[in-house]
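This is final24.txt (compact mmCIF, C-alpha atoms (C1' of nucleotides)).
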```
# COMPACT_ATOMS: atom_id res chain seq x y z
CA MET A 25 71.90 31.27 -84.31
CA GLY A 26 75.38 30.25 -85.36
CA LYS A 27 76.41 26.88 -86.53
CA PRO A 28 75.88 24.11 -84.05
CA THR A 29 78.95 23.37 -81.98
CA ARG A 30 80.83 20.59 -83.65
CA THR A 31 83.07 19.65 -80.79
CA LYS A 32 82.54 19.38 -77.11
CA GLN A 33 83.14 22.65 -75.35
CA LEU A 34 84.61 22.72 -71.89
CA ASP A 35 83.51 25.22 -69.35
CA PRO A 36 86.82 26.88 -68.50
CA ALA A 37 85.78 26.80 -64.87
CA ALA A 38 85.09 23.08 -65.06
CA ILE A 39 88.43 22.19 -66.53
CA CYS A 40 89.62 20.95 -63.17
CA ARG A 41 86.32 20.04 -61.63
CA SER A 42 87.10 23.00 -59.52
CA SER A 43 85.87 26.55 -59.39
CA ASP A 44 89.44 27.79 -59.53
CA PRO A 45 91.60 25.95 -62.06
CA MET A 46 94.29 28.60 -61.78
CA ALA A 47 94.64 27.88 -58.08
CA VAL A 48 95.14 24.21 -58.89
CA ARG A 49 97.88 25.08 -61.33
CA GLU A 50 99.44 27.41 -58.77
CA LEU A 51 99.53 24.73 -56.10
CA LEU A 52 100.92 22.13 -58.47
CA THR A 53 103.60 24.57 -59.55
CA LYS A 54 104.56 25.22 -55.94
CA VAL A 55 104.62 21.58 -54.94
CA GLY A 56 106.34 20.70 -58.19
CA ASP A 57 109.34 22.92 -57.73
CA LYS A 58 112.71 21.48 -56.99
CA TRP A 59 112.82 21.50 -53.18
CA THR A 60 109.38 22.01 -51.64
CA ILE A 61 108.43 18.35 -51.47
CA PHE A 62 111.72 17.36 -49.84
CA ILE A 63 111.54 20.13 -47.29
CA VAL A 64 107.93 19.44 -46.37
CA LEU A 65 108.41 15.69 -46.06
CA SER A 66 111.66 16.10 -44.15
CA LEU A 67 110.07 18.52 -41.76
CA ASP A 68 107.32 16.01 -41.19
CA LEU A 69 109.82 13.20 -40.62
CA LEU A 70 111.66 15.39 -38.12
CA GLY A 71 108.51 15.56 -36.05
CA GLY A 72 106.93 18.60 -37.61
CA ARG A 73 109.42 21.01 -36.10
CA ALA A 74 113.07 21.62 -36.93
CA ARG A 75 115.67 24.30 -37.17
CA PHE A 76 117.25 25.62 -40.30
CA SER A 77 120.46 23.64 -39.99
CA GLU A 78 118.58 20.42 -39.33
CA LEU A 79 116.67 20.83 -42.55
CA GLU A 80 119.86 21.73 -44.34
CA ARG A 81 121.31 18.40 -43.30
CA ALA A 82 118.07 16.53 -43.85
CA VAL A 83 117.73 17.58 -47.48
CA PRO A 84 120.88 16.45 -49.27
CA GLY A 85 122.13 18.83 -51.92
CA ILE A 86 120.08 21.87 -51.04
CA SER A 87 121.84 25.22 -50.77
CA GLN A 88 121.20 27.75 -48.03
CA ARG A 89 119.78 30.10 -50.61
CA MET A 90 117.18 27.62 -51.84
CA LEU A 91 116.33 26.36 -48.37
CA SER A 92 115.82 29.91 -47.20
CA SER A 93 113.69 31.01 -50.14
CA THR A 94 111.59 27.84 -50.19
CA LEU A 95 110.93 28.10 -46.47
CA LYS A 96 109.94 31.73 -46.96
CA MET A 97 107.43 30.67 -49.58
CA LEU A 98 106.05 27.96 -47.33
CA GLU A 99 105.73 30.47 -44.52
CA ARG A 100 103.99 32.99 -46.75
CA ASP A 101 101.54 30.32 -47.86
CA GLY A 102 100.78 29.42 -44.26
CA MET A 103 102.31 25.94 -44.48
CA VAL A 104 104.96 26.51 -41.82
CA THR A 105 105.62 28.99 -39.07
CA ARG A 106 108.98 30.54 -38.30
CA GLU A 107 110.13 31.19 -34.78
CA LEU A 108 113.29 33.17 -34.14
CA PHE A 109 115.14 32.78 -30.85
CA PRO A 110 117.30 35.85 -30.41
CA GLU A 111 120.38 34.05 -29.17
CA ILE A 112 123.91 34.19 -30.44
CA PRO A 113 124.41 32.46 -32.74
CA PRO A 114 120.76 32.72 -33.72
CA ARG A 115 118.38 29.82 -33.63
CA VAL A 116 115.32 29.55 -35.83
CA GLU A 117 112.73 26.84 -35.71
CA TYR A 118 110.23 25.99 -38.39
CA GLU A 119 107.04 24.16 -37.60
CA MET A 120 104.35 22.71 -39.83
CA THR A 121 100.93 24.26 -39.48
CA ASP A 122 97.66 22.38 -39.60
CA LEU A 123 97.27 23.67 -43.14
CA GLY A 124 100.64 22.26 -44.08
CA ARG A 125 99.85 18.95 -42.44
CA SER A 126 96.53 18.77 -44.28
CA LEU A 127 98.37 19.04 -47.57
CA LEU A 128 100.50 16.08 -46.60
CA ARG A 129 97.69 13.61 -47.09
CA PRO A 130 96.98 14.16 -50.79
CA THR A 131 100.70 14.57 -51.34
CA GLN A 132 101.37 11.20 -49.79
CA GLY A 133 98.88 9.84 -52.30
CA LEU A 134 101.23 10.87 -55.08
CA VAL A 135 104.23 9.46 -53.24
CA ASP A 136 102.39 6.16 -52.99
CA TRP A 137 101.47 6.29 -56.66
CA VAL A 138 105.14 6.60 -57.54
CA LYS A 139 105.95 3.61 -55.38
CA GLU A 140 103.38 1.53 -57.22
CA ASN A 141 103.70 2.80 -60.76
CA TRP A 142 107.05 4.40 -61.42
CA GLN A 143 108.54 1.30 -62.94
CA GLN A 144 105.77 1.33 -65.54
CA VAL A 145 106.67 4.91 -66.38
CA ARG A 146 110.33 3.97 -66.74
CA ASP A 147 109.38 1.06 -68.99
CA ALA A 148 107.17 3.24 -71.15
CA GLN A 149 109.99 5.74 -71.53
CA SER A 150 112.43 3.05 -72.59
CA ARG A 151 110.00 1.66 -75.13
CA TYR A 152 109.37 5.15 -76.51
CA ASP A 153 113.03 6.07 -76.69
CA GLU A 154 114.30 3.01 -78.53
CA ARG A 155 112.63 3.70 -81.87
CA MET B 20 136.23 9.16 -34.19
CA GLY B 21 134.45 12.41 -34.84
CA LYS B 22 132.07 14.15 -32.53
CA PRO B 23 128.83 12.35 -31.85
CA THR B 24 126.01 13.38 -34.15
CA ARG B 25 124.13 16.16 -32.52
CA THR B 26 121.05 16.26 -34.72
CA LYS B 27 118.77 13.65 -36.19
CA GLN B 28 120.05 12.22 -39.41
CA LEU B 29 117.68 11.32 -42.18
CA ASP B 30 118.24 8.34 -44.34
CA PRO B 31 118.36 9.93 -47.78
CA ALA B 32 116.25 7.08 -49.07
CA ALA B 33 113.65 7.64 -46.40
CA ILE B 34 113.19 11.30 -47.11
CA CYS B 35 109.98 10.63 -48.97
CA ARG B 36 108.94 7.47 -47.26
CA SER B 37 109.78 6.03 -50.60
CA SER B 38 112.64 4.03 -51.98
CA ASP B 39 113.00 6.52 -54.79
CA PRO B 40 112.74 10.14 -53.69
CA MET B 41 114.11 11.34 -57.01
CA ALA B 42 111.24 9.67 -58.82
CA VAL B 43 108.82 11.51 -56.58
CA ARG B 44 110.47 14.79 -57.45
CA GLU B 45 110.44 13.89 -61.12
CA LEU B 46 106.73 13.14 -61.09
CA LEU B 47 105.92 16.29 -59.16
CA THR B 48 107.97 18.31 -61.62
CA LYS B 49 106.10 16.81 -64.53
CA VAL B 50 102.66 17.28 -63.01
CA GLY B 51 103.65 20.71 -61.80
CA ASP B 52 104.53 22.12 -65.17
CA LYS B 53 102.36 24.70 -66.80
CA TRP B 54 100.02 22.59 -68.94
CA THR B 55 100.10 18.91 -67.96
CA ILE B 56 97.35 19.10 -65.36
CA PHE B 57 95.00 20.96 -67.68
CA ILE B 58 95.60 18.57 -70.55
CA VAL B 59 95.17 15.46 -68.43
CA LEU B 60 92.01 16.68 -66.74
CA SER B 61 90.56 17.97 -70.00
CA LEU B 62 91.25 14.70 -71.71
CA ASP B 63 89.45 12.94 -68.89
CA LEU B 64 86.49 15.31 -69.11
CA LEU B 65 86.31 14.69 -72.85
CA GLY B 66 85.77 11.03 -72.15
CA GLY B 67 89.35 9.86 -72.06
CA ARG B 68 89.83 10.24 -75.81
CA ALA B 69 90.12 13.35 -77.94
CA ARG B 70 91.86 14.74 -80.95
CA PHE B 71 94.51 17.40 -81.00
CA SER B 72 92.20 20.23 -82.00
CA GLU B 73 89.67 19.31 -79.33
CA LEU B 74 92.30 19.59 -76.67
CA GLU B 75 93.49 22.82 -78.19
CA ARG B 76 90.03 24.25 -77.72
CA ALA B 77 89.52 22.62 -74.34
CA VAL B 78 92.61 24.15 -72.77
CA PRO B 79 92.28 27.91 -73.08
CA GLY B 80 95.49 29.73 -73.78
CA ILE B 81 97.67 26.82 -74.77
CA SER B 82 99.75 27.08 -77.92
CA GLN B 83 100.15 24.32 -80.47
CA ARG B 84 103.79 24.07 -79.55
CA MET B 85 103.11 23.45 -75.87
CA LEU B 86 100.17 21.14 -76.50
CA SER B 87 102.29 19.11 -78.85
CA SER B 88 105.31 18.87 -76.59
CA THR B 89 103.30 18.16 -73.46
CA LEU B 90 101.35 15.43 -75.21
CA LYS B 91 104.61 13.97 -76.42
CA MET B 92 105.89 13.82 -72.86
CA LEU B 93 102.67 12.21 -71.67
CA GLU B 94 102.94 9.65 -74.46
CA ARG B 95 106.56 8.92 -73.61
CA ASP B 96 105.64 8.41 -69.99
CA GLY B 97 102.88 6.02 -70.96
CA MET B 98 100.06 8.26 -69.76
CA VAL B 99 98.40 8.60 -73.15
CA THR B 100 98.50 6.83 -76.47
CA ARG B 101 98.61 8.54 -79.83
CA GLU B 102 96.75 7.21 -82.82
CA LEU B 103 97.29 8.70 -86.25
CA PHE B 104 94.64 8.31 -88.92
CA PRO B 105 96.33 8.83 -92.27
CA GLU B 106 93.59 10.94 -93.78
CA ILE B 107 93.80 14.33 -95.35
CA PRO B 108 93.78 16.55 -93.44
CA PRO B 109 95.30 14.29 -90.82
CA ARG B 110 93.46 13.23 -87.73
CA VAL B 111 95.15 12.25 -84.50
CA GLU B 112 93.47 10.95 -81.40
CA TYR B 113 94.92 10.81 -77.94
CA GLU B 114 93.61 8.41 -75.35
CA MET B 115 94.35 8.03 -71.69
CA THR B 116 95.98 4.77 -70.68
CA ASP B 117 95.18 2.85 -67.53
CA LEU B 118 98.41 4.23 -66.10
CA GLY B 119 97.28 7.77 -66.83
CA ARG B 120 93.87 7.10 -65.35
CA SER B 121 95.45 5.67 -62.22
CA LEU B 122 97.33 8.91 -61.70
CA LEU B 123 94.07 10.79 -61.84
CA ARG B 124 92.98 9.61 -58.42
CA PRO B 125 95.80 11.04 -56.31
CA THR B 126 95.78 14.11 -58.53
CA GLN B 127 92.12 14.65 -57.84
CA GLY B 128 93.05 14.57 -54.16
CA LEU B 129 95.12 17.69 -54.68
CA VAL B 130 92.36 19.32 -56.69
CA ASP B 131 89.99 18.68 -53.81
CA TRP B 132 92.51 20.05 -51.34
CA VAL B 133 92.62 23.29 -53.28
CA LYS B 134 88.85 23.50 -53.22
CA GLU B 135 88.84 23.14 -49.45
CA ASN B 136 91.93 25.07 -48.45
CA TRP B 137 92.97 27.57 -51.06
CA GLN B 138 91.23 30.46 -49.36
CA GLN B 139 93.35 29.82 -46.28
CA VAL B 140 96.46 30.01 -48.43
CA ARG B 141 95.28 33.29 -49.92
CA ASP B 142 94.59 34.66 -46.44
CA ALA B 143 98.00 33.60 -45.18
CA GLN B 144 99.64 35.29 -48.14
CA SER B 145 97.78 38.53 -47.49
CA ARG B 146 98.72 38.51 -43.83
CA TYR B 147 102.34 37.85 -44.71
CA ASP B 148 102.50 40.53 -47.36
CA GLU B 149 101.04 43.38 -45.36
CA ARG B 150 103.87 43.83 -42.88
C1' DC C 15 142.92 39.44 -32.01
C1' DC C 16 140.83 36.09 -34.53
C1' DC C 17 138.01 32.41 -35.51
C1' DA C 18 133.86 29.67 -35.34
C1' DT C 19 128.89 29.55 -35.27
C1' DA C 20 123.75 29.91 -37.26
C1' DA C 21 120.92 31.71 -40.30
C1' DC C 22 120.69 33.97 -43.43
C1' DT C 23 121.35 37.76 -47.83
C1' DT C 24 123.49 39.45 -52.03
C1' DA C 25 125.60 39.31 -56.42
C1' DC C 26 126.28 37.02 -60.46
C1' DC C 27 125.55 33.58 -63.94
C1' DT C 28 123.50 29.69 -66.62
C1' DC C 29 120.11 27.18 -68.74
C1' DG C 30 115.80 25.47 -69.84
C1' DA C 31 110.72 26.35 -69.81
C1' DC C 32 107.71 28.75 -72.29
C1' DG C 33 105.82 32.31 -75.65
C1' DT C 34 105.22 33.97 -80.52
C1' DA C 35 105.16 33.53 -85.25
C1' DA C 36 105.84 31.37 -89.33
C1' DG C 37 106.44 27.30 -92.22
C1' DT C 38 105.06 22.43 -93.88
C1' DG C 39 102.53 18.63 -96.45
C1' DA C 40 98.89 16.65 -98.79
C1' DC C 41 94.64 16.98 -100.34
C1' DT C 42 89.66 19.03 -101.25
C1' DG C 43 86.33 22.19 -102.78
C1' DA C 44 85.32 26.77 -105.06
C1' DT D 16 94.65 28.37 -109.29
C1' DC D 17 94.07 29.28 -104.76
C1' DA D 18 92.48 29.17 -100.21
C1' DG D 19 91.36 26.16 -96.30
C1' DT D 20 92.09 22.27 -93.20
C1' DC D 21 94.76 19.68 -89.40
C1' DA D 22 98.52 18.50 -86.81
C1' DC D 23 102.18 19.51 -86.32
C1' DT D 24 107.66 21.51 -86.45
C1' DT D 25 111.17 25.12 -86.52
C1' DA D 26 113.30 29.32 -85.38
C1' DC D 27 113.91 32.77 -82.26
C1' DG D 28 113.61 35.39 -78.07
C1' DT D 29 112.55 36.21 -73.03
C1' DC D 30 112.45 35.41 -68.33
C1' DG D 31 112.85 33.37 -64.09
C1' DA D 32 114.23 29.16 -61.43
C1' DG D 33 117.99 27.70 -59.54
C1' DG D 34 123.34 27.10 -58.83
C1' DT D 35 127.73 29.00 -56.70
C1' DA D 36 130.26 31.74 -53.83
C1' DA D 37 131.00 35.29 -50.83
C1' DG D 38 129.44 38.64 -47.37
C1' DT D 39 126.80 39.79 -42.87
C1' DT D 40 125.67 39.92 -37.80
C1' DA D 41 126.76 39.43 -33.05
C1' DT D 42 129.05 36.99 -29.61
C1' DG D 43 131.89 33.66 -26.85
C1' DG D 44 136.09 31.09 -26.55
C1' DG D 45 141.14 30.33 -27.17
```
Output the file's structure in the form of structure tokens.
Amino acid sequence: MGKPTRTKQLDPAAICRSSDPMAVRELLTKVGDKWTIFIVLSLDLLGGRARFSELERAVPGISQRMLSSTLKMLERDGMVTRELFPEIPPRVEYEMTDLGRSLLRPTQGLVDWVKENWQQVRDAQSRYDER
Amino acid sequence: MGKPTRTKQLDPAAICRSSDPMAVRELLTKVGDKWTIFIVLSLDLLGGRARFSELERAVPGISQRMLSSTLKMLERDGMVTRELFPEIPPRVEYEMTDLGRSLLRPTQGLVDWVKENWQQVRDAQSRYDER
DNA sequence: CCCATAACTTACCTCGACGTAAGTGACTGA
DNA sequence: TCAGTCACTTACGTCGAGGTAAGTTATGGG
């Protein structure tokens, strides 16, 4: 036998109280990127279905490139569906899936947390910075 | 007068059902970085208080540089406190604050979501990729 | 003939997140 | 004297997220 363990050891699989900590990180990384949250919440506010140009206007500051690539990621992940209407000029509508909607609940939890606690974060930052 | 607005307009402040959408993005960006979630959850699993080297061992793969900088950010944001014991060799303990603990609840919501839904995401990705 | 339109794609560039490796300081025990 | 310990910091390099701007497609309208 080796020496007794001196410090608590964490089961790598338990690190997130989840069987797949890497999946948790992956989701957080996706949701934490620059535009996903705005697109998802805007789409929801627009009734769960909207076309490209509507989202472009709904999310101030986003470029076509980022809107396009973020929507593609959301589609790949099964969060939204894409429907192309072969008209001229083309029309494309994006719609939230049940999966996407189900993610909205825990996400809203974080939005609410910000509403309640962000000022405390700001205060803590100020205190930390001035010394 | 210009043309009448043809599409729904979103109040930029309403985009997140929050008075501060930028704060929401900021939080998501923080939580969505590579190590924060692992450090926070590990610290919680270790009883809410742990020293640097414990966290180093608890979070597999993290470097001292990233552990140090991430902890510094968490401290600045008021999520953890840092206590230095001037011994030799030095000992430093990090402890979750009430603010940090309060963030754990909505975060756990996302962890749970992954547990329930990640397989669906994986499936959607596979379907999308093979065509 | 030319422009506007919607929904993109492509090319190019910047900048910061993150990784790796080494150094630091002060002391203790061999 | 020298190695070991802990909690870092510093220097350096890479890589990809994201910004900007222009091009593309097909068509109807002036």
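In the superposition of chain A on chain B, with all Cα atoms paired by position, the RMSD stands at 0.4 Å.
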Could you state the separation of atom CA of Leu79 of chain A and atom CA of Pro114 of chain A in Å, given to one decimal place?
-> 15.4 Å
Check: which chain A residues lie within 9 Å of chain C using only C-alpha atoms (C1' of nucleotides), as a VMD selection string = chain A and resid 76 to 77 88 to 89 92 112 to 116
Which residues come within 10 Å of segment 98-104 of chain B, counting only C-alpha atoms (C1' of nucleotides), excluding same-chain residues fewer than 4 positions away, as a ChimeraX atom specification?
-> /A:144-145,148 /B:59,62,67-71,90-94,108-122 /D:22
How would the residues just picked look written out with C-alpha atoms (C1' of nucleotides) as a compact mmCIF listing (two decimals), in the coordinates of the input?
```txt
# COMPACT_ATOMS: atom_id res chain seq x y z
CA GLN A 144 105.77 1.33 -65.54
CA VAL A 145 106.67 4.91 -66.38
CA ALA A 148 107.17 3.24 -71.15
CA VAL B 59 95.17 15.46 -68.43
CA LEU B 62 91.25 14.70 -71.71
CA GLY B 67 89.35 9.86 -72.06
CA ARG B 68 89.83 10.24 -75.81
CA ALA B 69 90.12 13.35 -77.94
CA ARG B 70 91.86 14.74 -80.95
CA PHE B 71 94.51 17.40 -81.00
CA LEU B 90 101.35 15.43 -75.21
CA LYS B 91 104.61 13.97 -76.42
CA MET B 92 105.89 13.82 -72.86
CA LEU B 93 102.67 12.21 -71.67
CA GLU B 94 102.94 9.65 -74.46
CA PRO B 108 93.78 16.55 -93.44
CA PRO B 109 95.30 14.29 -90.82
CA ARG B 110 93.46 13.23 -87.73
CA VAL B 111 95.15 12.25 -84.50
CA GLU B 112 93.47 10.95 -81.40
CA TYR B 113 94.92 10.81 -77.94
CA GLU B 114 93.61 8.41 -75.35
CA MET B 115 94.35 8.03 -71.69
CA THR B 116 95.98 4.77 -70.68
CA ASP B 117 95.18 2.85 -67.53
CA LEU B 118 98.41 4.23 -66.10
CA GLY B 119 97.28 7.77 -66.83
CA ARG B 120 93.87 7.10 -65.35
CA SER B 121 95.45 5.67 -62.22
CA LEU B 122 97.33 8.91 -61.70
C1' DA D 22 98.52 18.50 -86.81
```
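Selected on chain A by distance to chain B: A:Leu34, A:Ile39, A:Leu52, A:Thr53, A:Gly56, A:Ser66, A:Ala82, A:Arg100, A:Asp101, A:Gly102, A:Pro130, A:Gly133, A:Leu134, A:Val145, A:Ala148, A:Gln149, A:Tyr152 (within 6 Å, counting all atoms listed in the file).
Of note, atom CA of Pro105 of chain B and atom CA of Ser88 of chain B are spaced 20.7 Å apart.
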Rank B:Glu135, B:Glu75, B:Ile81, B:Glu149 by their smallest atom-to-atom distance to chain D, using all atoms listed in the file, and report the top residue only.
-> B:Glu75
Within 9 Å of chain A: each chain D residue with its shortest pair, all atoms listed in the file, as CSV:
```
residue,atom,partner,partner_atom,distance
D:DA32,C1',A:Asp57,CA,8.7
D:DG33,C1',A:Met90,CA,7.7
D:DG34,C1',A:Ser87,CA,8.4
D:DA41,C1',A:Ile112,CA,6.5
D:DT42,C1',A:Ile112,CA,5.9
D:DG43,C1',A:Ile112,CA,8.8
```
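Atom C1' of DT24 of chain D is positioned 14.1 Å from atom CA of Thr89 of chain B.
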